[in-house]
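K.L.:
Here you go, one structure.
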Amino acid sequence: MKKTKNLRSASKTMGIFPSGDSAEQAVKELSHILSDDSTRVIVVEPNDPALEAKLKNEYTHMGQAAISAHIWSAVIGVLVGVVFWAMLYYSKIPMFVHEAPTALLGSICVFLLIGVLIGCLVAYMPSGNNIIRPTKEATANGKWVVMAYPISSREKKAAVAYFGQQNHARA
């Protein structure tokens, strides 16, 4: 599949099909739903040798989400550390008043570490990507997978509705 600027895992849907014929029919329908753009529909056949290449966008998105989670958790950790220090400083706790720079640095470091650890938990949750594992399991069990990458909310609703009619939806 040709890489498209707008491919994002946050706006994808997928369906699992029992046969190649039903998957090909889904590709035709979804191409029509996605403004006749067949480059935004991926078919993964059972035991597909190109599976990893077809899931490349999913791995990329997972990496971007992990980096984002770490950055945000670090920033929030630093801010919480500063707020914690300020509360204790203005409460006139002697250690925080007499050793203000050291206490500030210590508070920031502790909450930064806590924030990064929380970021790790968020970034690497098993539910972080609901496409890779189901796709691998389905293809290993002889099923066909069709992934659609809608750009607009109208396209996403239509694709989810299509997969729902087929009783194969994963949004």
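If you're wondering about the labels, chains in the structure tokens are A, B, ... by order shown, residues count from 1 in each chain, ligands from 1 in order shown.
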How would you write, as an MDAnalysis selection string, the set of residues in chain A that DSSP gives as alpha helix (DSSP H)?
P.N.:
chainID A and resid 20:33 51:54 56:90 94:98 100:123 132:140 153:165
K.L.:
Write out as a list in words the residues lying within 12 Å of Gly142 of chain A, counting only C-alpha atoms and excluding same-chain residues fewer than 4 positions away.
P.N.:
Ile16, Phe17, Pro18, Ser19, Gly20, Val44, Glu45, Pro46, Asn47, Asp48, Thr135, Lys136, Glu137 and Ala138 of chain A
K.L.:
Pick from A:Val78, A:Ile151, A:Val116, A:Val145: nearest to Arg133 of chain A, with only C-alpha atoms counted?
P.N.:
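Among the listed residues, the smallest separation from Arg133 of chain A belongs to A:Val145.
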K.L.:
Would you pick out the contacts of segment 28-41 of chain A at 7 Å or less, using only C-alpha atoms, so that residues sharing its chain but fewer than 6 positions from it are not included, and give the list as a ChimeraX atom specification?
P.N.:
/A:1-2,146-150,155,158-159
K.L.:
Given the choices A:Leu51, A:Ala86, A:Thr139, A:Ala66, which gets closest to Leu121 of chain A if the distance is worked out from only C-alpha atoms?
P.N.:
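Looking only at the distances to Leu121 of chain A, the closest residue turns out to be A:Ala66.
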K.L.:
Determine, counting only C-alpha atoms, which protein, DNA and RNA residues have an atom within 10 Å of an atom of Ile118 of chain A; residues of the same chain fewer than 3 positions away are not included. Present the result as a list in words.
P.N.:
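Residues near the query, excluding close chain neighbours: Ala69, His70, Ser73, Ala74, Gly77, Leu112, Leu113, Ile114, Gly115, Leu121, Val122 and Ala123 of chain A.
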K.L.:
For the residues in that selection, give me N, CA and C atoms as a PDB file, in the first residue's frame.
P.N.:
```pdb
ATOM      1  N   ALA A  69       2.981   9.972  24.924  1.00  0.00           N
ATOM      2  CA  ALA A  69       2.625   9.666  26.316  1.00  0.00           C
ATOM      3  C   ALA A  69       3.787   9.971  27.253  1.00  0.00           C
ATOM      4  N   HIS A  70       5.004   9.637  26.844  1.00  0.00           N
ATOM      5  CA  HIS A  70       6.168   9.907  27.685  1.00  0.00           C
ATOM      6  C   HIS A  70       6.402  11.412  27.840  1.00  0.00           C
ATOM      7  N   SER A  73       3.587  12.914  30.057  1.00  0.00           N
ATOM      8  CA  SER A  73       3.703  12.497  31.459  1.00  0.00           C
ATOM      9  C   SER A  73       4.905  13.168  32.125  1.00  0.00           C
ATOM     10  N   ALA A  74       5.984  13.398  31.388  1.00  0.00           N
ATOM     11  CA  ALA A  74       7.148  14.091  31.947  1.00  0.00           C
ATOM     12  C   ALA A  74       6.820  15.556  32.244  1.00  0.00           C
ATOM     13  N   GLY A  77       4.553  15.649  35.187  1.00  0.00           N
ATOM     14  CA  GLY A  77       5.330  15.321  36.382  1.00  0.00           C
ATOM     15  C   GLY A  77       6.128  16.517  36.887  1.00  0.00           C
ATOM     16  N   LEU A 112       9.000  13.874  38.362  1.00  0.00           N
ATOM     17  CA  LEU A 112       9.361  13.551  36.983  1.00  0.00           C
ATOM     18  C   LEU A 112       9.489  12.039  36.819  1.00  0.00           C
ATOM     19  N   LEU A 113      10.151  11.391  37.767  1.00  0.00           N
ATOM     20  CA  LEU A 113      10.288   9.937  37.724  1.00  0.00           C
ATOM     21  C   LEU A 113       8.913   9.258  37.791  1.00  0.00           C
ATOM     22  N   ILE A 114       8.079   9.717  38.700  1.00  0.00           N
ATOM     23  CA  ILE A 114       6.727   9.149  38.805  1.00  0.00           C
ATOM     24  C   ILE A 114       5.967   9.365  37.500  1.00  0.00           C
ATOM     25  N   GLY A 115       6.078  10.558  36.920  1.00  0.00           N
ATOM     26  CA  GLY A 115       5.390  10.853  35.663  1.00  0.00           C
ATOM     27  C   GLY A 115       5.857   9.969  34.520  1.00  0.00           C
ATOM     28  N   LEU A 121       3.466   3.045  31.692  1.00  0.00           N
ATOM     29  CA  LEU A 121       2.269   2.221  31.852  1.00  0.00           C
ATOM     30  C   LEU A 121       1.217   2.567  30.804  1.00  0.00           C
ATOM     31  N   VAL A 122       1.043   3.850  30.545  1.00  0.00           N
ATOM     32  CA  VAL A 122       0.049   4.283  29.555  1.00  0.00           C
ATOM     33  C   VAL A 122       0.487   3.884  28.151  1.00  0.00           C
ATOM     34  N   ALA A 123       1.748   4.099  27.832  1.00  0.00           N
ATOM     35  CA  ALA A 123       2.237   3.863  26.468  1.00  0.00           C
ATOM     36  C   ALA A 123       2.238   2.392  26.092  1.00  0.00           C
TER      37      ALA A 123
END
```
